[in-house]
file data.csv (CSV, C-alpha atoms)
chain,number,residue,atom,x,y,z
A,1,MET,CA,33.4,7.8,134.1
A,2,ARG,CA,30.2,9.4,135.3
A,3,THR,CA,30.2,11.5,138.4
A,4,ASP,CA,27.6,11.4,141.0
A,5,ASP,CA,26.4,14.8,139.9
A,6,GLU,CA,26.0,13.6,136.3
A,7,ASP,CA,24.0,10.6,137.6
A,8,ARG,CA,21.5,12.9,139.2
A,9,PRO,CA,19.0,14.5,136.9
A,10,GLY,CA,19.9,18.2,136.6
A,11,GLY,CA,23.1,17.7,138.6
A,12,ASP,CA,25.1,20.5,136.9
A,13,GLU,CA,22.2,22.9,137.3
A,14,GLU,CA,21.7,22.1,140.9
A,15,ASP,CA,25.4,22.5,141.7
A,16,SER,CA,25.4,25.8,139.8
A,17,GLY,CA,22.3,26.9,141.7
A,18,ARG,CA,24.0,26.1,145.1
A,19,ARG,CA,27.1,28.1,144.0
A,20,ASP,CA,24.9,31.1,143.0
A,21,ALA,CA,22.9,30.9,146.3
A,22,SER,CA,26.1,30.7,148.3
A,23,ALA,CA,27.5,33.7,146.4
A,24,LYS,CA,24.3,35.6,147.1
A,25,ARG,CA,24.4,34.7,150.8
A,26,ALA,CA,28.0,35.9,151.0
A,27,ASP,CA,27.1,39.1,149.2
A,28,LEU,CA,24.2,39.7,151.6
A,29,ASP,CA,26.3,38.9,154.6
A,30,GLY,CA,28.7,41.6,153.4
A,31,ARG,CA,25.8,44.1,153.4
A,32,ASP,CA,24.2,43.1,156.7
A,33,ASP,CA,25.5,46.2,158.4
A,34,PHE,CA,24.3,48.5,155.6
A,35,GLU,CA,21.1,49.7,157.4
A,36,GLU,CA,22.9,50.3,160.7
A,37,ARG,CA,25.7,52.2,159.1
A,38,THR,CA,23.6,54.4,156.7
A,39,ALA,CA,20.7,55.2,159.1
A,40,PRO,CA,22.4,58.1,160.8
A,41,TYR,CA,22.7,59.9,157.4
A,42,ARG,CA,19.2,59.6,156.1
A,43,ARG,CA,17.8,62.7,157.7
A,44,GLU,CA,20.7,64.9,156.4
A,45,LEU,CA,20.4,63.4,153.0
A,46,LEU,CA,16.7,64.3,153.0
A,47,ALA,CA,17.6,67.9,153.8
A,48,HIS,CA,20.3,67.8,151.0
A,49,CYS,CA,17.9,66.5,148.4
A,50,TYR,CA,15.2,69.0,149.5
A,51,ARG,CA,17.7,71.9,149.0
A,52,MET,CA,18.3,70.5,145.5
A,53,VAL,CA,14.7,69.9,144.3
A,54,GLY,CA,12.6,72.1,146.6
A,55,SER,CA,10.0,69.4,147.3
A,56,VAL,CA,9.8,67.2,150.5
A,57,HIS,CA,8.0,64.4,148.7
A,58,GLU,CA,10.5,64.3,145.8
A,59,ALA,CA,13.4,64.4,148.3
A,60,GLU,CA,12.0,61.4,150.1
A,61,ASP,CA,11.8,59.5,146.9
A,62,LEU,CA,15.4,60.5,146.0
A,63,VAL,CA,16.7,59.4,149.4
A,64,GLN,CA,15.0,56.0,148.8
A,65,GLU,CA,16.7,55.8,145.4
A,66,THR,CA,20.0,56.8,146.9
A,67,MET,CA,19.8,54.0,149.5
A,68,LEU,CA,18.8,51.4,147.0
A,69,ARG,CA,21.7,52.3,144.7
A,70,ALA,CA,24.1,52.4,147.6
A,71,TRP,CA,22.9,49.0,148.9
A,72,LEU,CA,23.4,47.4,145.4
A,73,ALA,CA,26.9,48.9,145.2
A,74,TYR,CA,27.8,48.4,148.9
A,75,ASP,CA,30.1,45.5,148.2
A,76,ARG,CA,32.2,47.8,145.9
A,77,TYR,CA,32.4,50.7,148.4
A,78,ASP,CA,36.0,51.5,149.2
A,79,PRO,CA,36.4,53.4,152.5
A,80,ALA,CA,40.0,54.3,151.5
A,81,ARG,CA,38.7,56.5,148.8
A,82,ALA,CA,35.8,58.3,150.6
A,83,SER,CA,34.0,58.2,153.9
A,84,LEU,CA,30.6,56.6,153.8
A,85,ARG,CA,28.9,59.9,154.3
A,86,THR,CA,30.7,61.4,151.3
A,87,TRP,CA,29.9,58.4,149.2
A,88,LEU,CA,26.2,58.6,150.0
A,89,TYR,CA,26.2,62.4,149.2
A,90,ARG,CA,27.8,61.7,145.9
A,91,ILE,CA,25.1,59.2,145.0
A,92,ALA,CA,22.3,61.5,146.3
A,93,THR,CA,23.6,64.5,144.4
A,94,ASN,CA,23.7,62.7,141.1
A,95,ARG,CA,20.3,61.2,141.6
A,96,CYS,CA,19.0,64.8,142.2
A,97,LEU,CA,20.8,66.1,139.0
A,98,THR,CA,19.2,63.3,137.0
A,99,ALA,CA,15.8,64.1,138.4
A,100,LEU,CA,16.2,67.8,137.6
A,101,ARG,CA,17.0,67.2,133.9
A,102,GLY,CA,14.6,69.1,131.7
A,103,ARG,CA,12.6,70.2,134.7
A,104,THR,CA,11.4,73.7,135.6
A,105,ARG,CA,12.4,75.1,138.9
A,106,ARG,CA,10.2,75.3,142.0
A,107,PRO,CA,9.5,79.0,142.7
A,108,LEU,CA,7.4,81.1,145.1
A,109,PRO,CA,5.0,83.6,143.6
A,110,SER,CA,7.5,86.4,144.1
A,111,GLY,CA,9.9,84.6,141.8
A,112,LEU,CA,7.4,84.4,139.0
A,113,VAL,CA,5.4,87.6,138.8
A,114,GLY,CA,5.5,91.2,140.1
A,115,ALA,CA,3.7,92.2,143.3
A,116,LEU,CA,0.2,93.5,143.1
A,117,GLU,CA,-1.0,96.8,144.6
A,118,ASP,CA,-4.7,96.0,144.9
A,119,PRO,CA,-5.5,93.5,147.7
A,120,GLY,CA,-8.9,93.1,146.2
A,121,ALA,CA,-7.6,91.9,142.9
A,122,PRO,CA,-9.1,88.6,141.6
A,123,MET,CA,-7.2,85.6,142.9
A,124,THR,CA,-5.1,84.0,140.1
A,125,LEU,CA,-4.2,80.3,140.6
A,126,GLY,CA,-0.9,78.9,139.3
A,127,ALA,CA,-2.4,75.5,139.1
A,128,GLU,CA,0.3,74.1,136.8
A,129,VAL,CA,3.2,75.5,138.7
A,130,PRO,CA,5.4,73.0,140.6
A,131,TRP,CA,5.6,75.2,143.8
A,132,LEU,CA,8.4,75.3,146.3
A,133,GLU,CA,7.4,73.4,149.4
A,134,PRO,CA,8.4,74.1,153.1
A,135,PHE,CA,10.4,71.6,155.0
A,136,PRO,CA,9.0,70.3,158.4
A,137,ASP,CA,11.5,70.8,161.2
A,138,GLY,CA,9.8,68.2,163.4
A,139,GLY,CA,10.0,65.5,160.7
A,140,VAL,CA,8.3,64.3,157.6
A,141,HIS,CA,5.2,62.4,158.6
A,142,GLY,CA,6.9,62.2,162.1
A,143,ARG,CA,9.6,60.0,160.8
A,144,VAL,CA,12.7,62.1,160.2
A,145,HIS,CA,14.1,65.4,161.3
A,146,GLY,CA,15.3,68.2,159.2
A,147,ALA,CA,18.7,68.9,160.7
A,148,GLY,CA,21.4,68.7,158.0
A,149,ALA,CA,24.3,67.9,160.3
A,150,ALA,CA,25.5,65.0,162.3
A,151,ALA,CA,23.8,64.5,165.7
A,152,GLY,CA,25.7,66.0,168.6
A,153,ASP,CA,27.2,68.9,166.6
A,154,PRO,CA,25.3,72.0,167.7
A,155,ALA,CA,27.2,74.4,165.5
A,156,GLY,CA,26.6,72.2,162.5
A,157,VAL,CA,22.9,71.9,163.3
A,158,VAL,CA,22.6,75.7,163.4
A,159,ALA,CA,24.4,76.1,160.1
A,160,ALA,CA,22.3,73.4,158.5
A,161,ARG,CA,19.0,75.0,159.7
A,162,GLY,CA,20.1,78.3,158.3
A,163,SER,CA,20.8,76.7,155.0
A,164,LEU,CA,17.2,75.5,154.9
A,165,ARG,CA,15.7,79.0,155.3
A,166,LEU,CA,12.8,79.2,152.9
A,167,ALA,CA,14.0,82.4,151.1
A,168,LEU,CA,17.4,80.9,150.6
A,169,VAL,CA,16.1,77.6,149.2
A,170,ALA,CA,13.8,79.6,146.9
A,171,ALA,CA,16.8,81.6,145.7
A,172,MET,CA,18.7,78.4,145.1
A,173,GLN,CA,16.0,77.4,142.7
A,174,LEU,CA,17.0,80.2,140.5
A,175,LEU,CA,20.3,78.4,139.8
A,176,PRO,CA,21.0,75.8,137.1
A,177,PRO,CA,21.1,72.4,138.8
A,178,ARG,CA,24.9,71.9,138.6
A,179,GLN,CA,25.5,75.4,140.0
A,180,ARG,CA,23.1,74.6,142.8
A,181,ALA,CA,24.9,71.4,143.6
A,182,ALA,CA,28.3,73.1,143.6
A,183,LEU,CA,27.0,75.8,145.9
A,184,ILE,CA,25.4,73.3,148.4
A,185,LEU,CA,28.4,71.0,148.4
A,186,ARG,CA,30.9,73.8,148.9
A,187,ASP,CA,29.1,76.4,151.0
A,188,VAL,CA,26.6,74.3,153.0
A,189,LEU,CA,28.5,71.0,153.4
A,190,ALA,CA,32.0,72.7,153.3
A,191,TRP,CA,33.5,70.1,150.9
A,192,PRO,CA,36.9,70.9,149.3
A,193,ALA,CA,36.6,71.9,145.6
A,194,THR,CA,38.4,68.7,144.6
A,195,GLU,CA,35.8,66.5,146.2
A,196,VAL,CA,33.0,68.5,144.7
A,197,ALA,CA,34.7,68.1,141.3
A,198,GLU,CA,34.9,64.3,141.8
A,199,ALA,CA,31.3,64.1,142.8
A,200,LEU,CA,30.1,66.1,139.8
A,201,GLY,CA,32.5,64.5,137.3
A,202,THR,CA,34.2,67.7,136.4
A,203,SER,CA,37.3,69.8,137.1
A,204,THR,CA,38.2,71.9,140.1
A,205,ALA,CA,38.3,74.9,137.8
A,206,SER,CA,34.8,74.2,136.6
A,207,VAL,CA,33.6,73.9,140.2
A,208,ASN,CA,35.1,77.2,141.2
A,209,SER,CA,33.6,78.9,138.1
A,210,ALA,CA,30.2,77.5,138.8
A,211,LEU,CA,30.5,78.5,142.5
A,212,GLN,CA,31.4,82.0,141.6
A,213,ARG,CA,28.4,82.4,139.2
A,214,ALA,CA,26.1,80.8,141.8
A,215,ARG,CA,27.2,83.2,144.6
A,216,ALA,CA,26.8,86.2,142.2
A,217,ARG,CA,23.3,85.1,141.3
A,218,LEU,CA,22.3,84.7,144.9
A,219,GLY,CA,23.7,88.2,145.6
A,220,GLU,CA,21.3,89.5,142.9
A,221,ALA,CA,18.3,87.8,144.6
A,222,GLY,CA,18.1,90.6,147.2
A,223,LEU,CA,18.1,88.3,150.2
A,224,THR,CA,18.2,90.0,153.6
A,225,GLU,CA,20.3,88.9,156.5
A,226,ASP,CA,17.1,87.9,158.5
A,227,GLU,CA,16.1,85.6,155.6
A,228,VAL,CA,19.3,83.5,155.5
A,229,THR,CA,20.5,83.5,159.1
A,230,GLU,CA,19.2,81.8,162.2
A,231,PRO,CA,17.7,84.3,164.7
A,232,PRO,CA,17.2,83.4,168.4
A,233,ASP,CA,14.2,81.1,168.8
A,234,HIS,CA,12.9,83.1,171.7
A,235,GLY,CA,12.8,86.3,169.6
A,236,GLN,CA,10.9,84.6,166.8
A,237,ARG,CA,8.5,82.8,169.0
A,238,ALA,CA,7.6,86.0,171.0
A,239,VAL,CA,6.6,87.8,167.8
A,240,ILE,CA,4.6,84.8,166.4
A,241,ASP,CA,2.8,84.3,169.7
A,242,ARG,CA,1.6,87.9,169.5
A,243,TYR,CA,0.7,87.4,165.8
A,244,LEU,CA,-1.3,84.3,166.8
A,245,ARG,CA,-3.3,86.1,169.4
A,246,ALA,CA,-4.0,89.0,167.1
A,247,PHE,CA,-5.1,86.8,164.3
A,248,GLU,CA,-7.4,84.7,166.4
A,249,ASP,CA,-8.9,87.9,167.8
A,250,ALA,CA,-9.2,89.3,164.3
A,251,ASP,CA,-7.4,92.4,165.5
A,252,LEU,CA,-6.1,94.0,162.4
A,253,ASP,CA,-4.6,97.0,164.3
A,254,ALA,CA,-2.6,94.6,166.5
A,255,LEU,CA,-1.4,92.6,163.4
A,256,ARG,CA,-0.2,95.8,161.7
A,257,THR,CA,2.1,96.6,164.7
A,258,LEU,CA,3.9,93.3,164.1
A,259,LEU,CA,4.8,94.0,160.5
A,260,THR,CA,7.9,95.6,159.0
A,261,ARG,CA,7.6,98.5,156.5
A,262,ASP,CA,8.5,96.2,153.6
A,263,VAL,CA,6.7,93.0,154.7
A,264,VAL,CA,5.9,90.5,152.0
A,265,LEU,CA,2.9,88.3,151.9
A,266,GLU,CA,2.6,85.5,149.3
A,267,MET,CA,0.3,82.5,149.0
A,268,PRO,CA,1.1,79.6,146.7
A,269,PRO,CA,-0.7,78.2,144.7
A,270,VAL,CA,-2.1,81.8,144.3
A,271,LEU,CA,0.1,84.0,142.1
A,272,ASN,CA,-1.1,87.2,143.9
A,273,TRP,CA,1.5,88.6,146.4
A,274,TYR,CA,1.8,91.9,148.2
A,275,VAL,CA,4.4,94.2,149.7
A,276,GLY,CA,3.9,96.6,152.7
A,277,PRO,CA,1.7,96.6,155.8
A,278,ASP,CA,-1.2,98.4,154.1
A,279,ALA,CA,-1.6,95.7,151.4
A,280,TYR,CA,-0.9,92.9,153.9
A,281,ILE,CA,-3.6,94.1,156.3
A,282,ALA,CA,-6.1,94.8,153.6
A,283,PHE,CA,-5.7,91.3,152.3
A,284,ILE,CA,-6.1,89.8,155.7
A,285,ALA,CA,-9.3,91.9,156.1
A,286,ARG,CA,-10.5,90.4,152.8
A,287,VAL,CA,-9.8,86.9,154.1
A,288,PHE,CA,-11.8,87.6,157.3
A,289,ALA,CA,-14.7,88.9,155.2
A,290,MET,CA,-14.6,85.8,153.0
A,291,ARG,CA,-13.9,83.1,155.6
A,292,GLY,CA,-15.2,84.6,158.9
A,293,THR,CA,-13.2,85.5,162.0
A,294,ASP,CA,-13.4,82.2,164.0
A,295,TRP,CA,-9.9,80.9,163.6
A,296,ARG,CA,-7.6,78.5,165.6
A,297,LEU,CA,-3.9,78.6,165.0
A,298,ARG,CA,-1.4,75.9,166.1
A,299,PRO,CA,2.3,76.7,166.3
A,300,THR,CA,4.8,74.5,164.4
A,301,SER,CA,8.0,75.2,162.5
A,302,ALA,CA,9.4,74.8,159.0
A,303,ASN,CA,12.8,75.5,157.5
A,304,GLY,CA,14.1,76.6,160.8
A,305,GLN,CA,11.4,79.2,161.0
A,306,PRO,CA,8.2,79.7,163.0
A,307,ALA,CA,5.0,78.5,161.4
A,308,LEU,CA,1.3,78.4,162.2
A,309,ALA,CA,-1.2,75.8,161.0
A,310,ALA,CA,-4.5,77.8,160.5
A,311,TYR,CA,-8.0,76.3,161.0
A,312,VAL,CA,-11.2,78.2,160.3
A,313,ARG,CA,-14.8,77.5,161.2
A,314,ALA,CA,-17.0,78.8,158.5
A,315,PRO,CA,-20.5,80.2,159.3
A,316,GLY,CA,-22.9,77.4,159.8
A,317,ASP,CA,-20.1,74.8,160.3
A,318,ASP,CA,-19.6,73.1,163.7
A,319,ARG,CA,-15.9,72.4,163.1
A,320,HIS,CA,-12.6,74.2,162.5
A,321,ARG,CA,-11.1,72.9,159.3
A,322,LEU,CA,-7.6,73.1,158.0
A,323,HIS,CA,-7.1,76.2,155.8
A,324,THR,CA,-3.4,77.0,155.4
A,325,LEU,CA,0.2,76.6,156.8
A,326,GLN,CA,1.8,80.0,157.3
A,327,VAL,CA,5.6,80.2,157.5
A,328,PHE,CA,7.2,83.4,158.9
A,329,THR,CA,10.5,85.3,158.7
A,330,ALA,CA,10.4,87.1,162.1
A,331,ASP,CA,13.1,88.9,164.0
A,332,HIS,CA,13.8,92.2,165.8
A,333,GLY,CA,10.2,92.2,167.0
A,334,ALA,CA,8.4,92.1,163.6
A,335,VAL,CA,7.3,89.9,160.7
A,336,SER,CA,9.1,90.7,157.5
A,337,HIS,CA,7.9,87.8,155.2
A,338,THR,CA,4.9,85.4,155.4
A,339,VAL,CA,4.4,82.6,153.0
A,340,VAL,CA,1.0,81.0,153.2
A,341,PHE,CA,0.7,77.5,151.8
A,342,GLN,CA,-2.6,76.0,150.7
A,343,LEU,CA,-1.3,72.9,149.1
A,344,PRO,CA,-2.4,69.3,150.0
A,345,SER,CA,1.1,68.0,149.5
A,346,VAL,CA,2.3,70.4,152.2
A,347,PHE,CA,-0.4,69.5,154.6
A,348,ALA,CA,0.5,65.8,154.1
A,349,ALA,CA,4.2,66.4,154.7
A,350,PHE,CA,3.5,68.1,158.0
A,351,GLY,CA,1.0,65.5,159.1
A,352,LEU,CA,-1.7,68.1,159.7
A,353,PRO,CA,-5.1,66.8,160.7
A,354,GLU,CA,-8.0,68.0,158.5
A,355,GLU,CA,-9.9,69.2,161.6
A,356,TRP,CA,-8.9,71.1,164.7
A,357,GLU,CA,-8.0,68.8,167.5
A,358,GLY,CA,-7.8,71.4,170.4
call {"tool": "encode", "arguments": {"input": "data.csv", "output": "structure tokens"}}
result
Amino acid sequence: MRTDDEDRPGGDEEDSGRRDASAKRADLDGRDDFEERTAPYRRELLAHCYRMVGSVHEAEDLVQETMLRAWLAYDRYDPARASLRTWLYRIATNRCLTALRGRTRRPLPSGLVGALEDPGAPMTLGAEVPWLEPFPDGGVHGRVHGAGAAAGDPAGVVAARGSLRLALVAAMQLLPPRQRAALILRDVLAWPATEVAEALGTSTASVNSALQRARARLGEAGLTEDEVTEPPDHGQRAVIDRYLRAFEDADLDALRTLLTRDVVLEMPPVLNWYVGPDAYIAFIARVFAMRGTDWRLRPTSANGQPALAAYVRAPGDDRHRLHTLQVFTADHGAVSHTVVFQLPSVFAAFGLPEEWEG
């Protein structure tokens, strides 16, 4: 006896197609809350991936990969085994580790070469170096924020901002990727060692060993307390407000009074970097001689630190044009470290206009 389906041309195929479509609809229906449930974690995952890879743009791509993989596996997610947040972090961490295979780290100039004594030395570009990038506190392209903790948790937000300090992220880049992951998951996110081991596919003993080596390596990096803790915003801002006025006035004497005895100035993608107020001020004098003294500086922030977007009007030009983004470590009334970025990728991440819009 022939069935109705067999009488119709392609009956079996059509029935199979309907079953497949029904299964797909059921599958999608089970994922219809995915976006709503995962959205609160996107910004902290971005900060997590940034700590791992040192690049805002790469971190964005890795978060997108994480969300895609999570969406595809969402029907298999078991809340009894891990919270959604923990599950997403596991995926993100392993995406970062995969991305870091065979890759060189992202340094600052001070992590590559020794300091120069002559502020007039020729500028040496590290054009092929994948430089560490700053992280915009106000959001990447205005879309997401850099806090690495859940909204509504002030203590967590402060801790997360401290873990984004530029010097600390730079020091993390010295670590092998799996040590870096262990350090971030244990010391920044406060995961138990057993959960870190599960996320990394290793043993608790291996995690503790990696963590011990990572902490020792960071201890050798010579980080100061000011570089890894979160000083009061008002103290930072007061120093940088004075720095801004002195820079726009081209007042080198006033700038000098705002620097510590061991202040560091570095300028990726230039390999040259300097230590001490004499070299710092001599180099700024060189910049004024080369670029002129008509500058406009706009306050912003990066990595939980004050920053200034610098625009200069060259002689004969009628507009101030974007020159650099300067990120400061400033506390106790003085600047101890300035990193001056002149990288198009950084300007794009911060959404900085090419011309002054004052």
call {"tool": "residues_around", "arguments": {"input": "data.csv", "residues": "Gln326 in chain A", "least_positions_apart": "3", "cutoff": "9 Å", "atoms": "only C-alpha atoms", "output": "MDAnalysis selection string"}}
result
chainID A and resid 267 306:310 338:342
call {"tool": "write_last_selection", "arguments": {"input": "data.csv", "atoms": "C-alpha atoms", "output": "mmCIF file, in the coordinates of the input"}}
result
data_model
loop_
_atom_site.group_PDB
_atom_site.id
_atom_site.type_symbol
_atom_site.label_atom_id
_atom_site.label_comp_id
_atom_site.auth_asym_id
_atom_site.auth_seq_id
_atom_site.Cartn_x
_atom_site.Cartn_y
_atom_site.Cartn_z
ATOM 1 C CA MET A 267 0.300 82.500 149.000
ATOM 2 C CA PRO A 306 8.200 79.700 163.000
ATOM 3 C CA ALA A 307 5.000 78.500 161.400
ATOM 4 C CA LEU A 308 1.300 78.400 162.200
ATOM 5 C CA ALA A 309 -1.200 75.800 161.000
ATOM 6 C CA ALA A 310 -4.500 77.800 160.500
ATOM 7 C CA THR A 338 4.900 85.400 155.400
ATOM 8 C CA VAL A 339 4.400 82.600 153.000
ATOM 9 C CA VAL A 340 1.000 81.000 153.200
ATOM 10 C CA PHE A 341 0.700 77.500 151.800
ATOM 11 C CA GLN A 342 -2.600 76.000 150.700
#
call {"tool": "closest_residue", "arguments": {"input": "data.csv", "among": "A:Ala99, A:Ala254, A:Ala115, A:Ala197", "to": "Val275 in chain A", "atoms": "only C-alpha atoms"}}
result
A:Ala115
call {"tool": "atom_distance", "arguments": {"input": "data.csv", "atom1": "CA of Val207 in chain A", "atom2": "CA of Ala80 in chain A"}}
result
23.5 Å
call {"tool": "residues_around", "arguments": {"input": "data.csv", "residues": "Leu112 in chain A", "least_positions_apart": "4", "cutoff": "9 Å", "atoms": "only C-alpha atoms", "output": "list of chain:residue names"}}
result
A:Pro107, A:Leu108, A:Leu271
call {"tool": "atom_distance", "arguments": {"input": "data.csv", "atom1": "CA of Ser83 in chain A", "atom2": "CA of Phe135 in chain A"}}
result
27.2 Å
call {"tool": "residues_near_point", "arguments": {"input": "data.csv", "point": "(-10.7, 85.2, 155.8)", "cutoff": "12 Å", "atoms": "only C-alpha atoms", "output": "VMD selection string"}}
result
chain A and resid 247 to 248 250 252 281 to 295 310 to 315 323 to 324
call {"tool": "write_last_selection", "arguments": {"input": "data.csv", "atoms": "C-alpha atoms", "output": "CSV table (one decimal), in the frame of the given file"}}
result
chain,number,residue,atom,x,y,z
A,247,PHE,CA,-5.1,86.8,164.3
A,248,GLU,CA,-7.4,84.7,166.4
A,250,ALA,CA,-9.2,89.3,164.3
A,252,LEU,CA,-6.1,94.0,162.4
A,281,ILE,CA,-3.6,94.1,156.3
A,282,ALA,CA,-6.1,94.8,153.6
A,283,PHE,CA,-5.7,91.3,152.3
A,284,ILE,CA,-6.1,89.8,155.7
A,285,ALA,CA,-9.3,91.9,156.1
A,286,ARG,CA,-10.5,90.4,152.8
A,287,VAL,CA,-9.8,86.9,154.1
A,288,PHE,CA,-11.8,87.6,157.3
A,289,ALA,CA,-14.7,88.9,155.2
A,290,MET,CA,-14.6,85.8,153.0
A,291,ARG,CA,-13.9,83.1,155.6
A,292,GLY,CA,-15.2,84.6,158.9
A,293,THR,CA,-13.2,85.5,162.0
A,294,ASP,CA,-13.4,82.2,164.0
A,295,TRP,CA,-9.9,80.9,163.6
A,310,ALA,CA,-4.5,77.8,160.5
A,311,TYR,CA,-8.0,76.3,161.0
A,312,VAL,CA,-11.2,78.2,160.3
A,313,ARG,CA,-14.8,77.5,161.2
A,314,ALA,CA,-17.0,78.8,158.5
A,315,PRO,CA,-20.5,80.2,159.3
A,323,HIS,CA,-7.1,76.2,155.8
A,324,THR,CA,-3.4,77.0,155.4
call {"tool": "closest_residue", "arguments": {"input": "data.csv", "among": "A:Asp33, A:Glu60, A:Glu198, A:Asp118", "to": "Trp87 in chain A", "atoms": "only C-alpha atoms"}}
result
A:Glu198
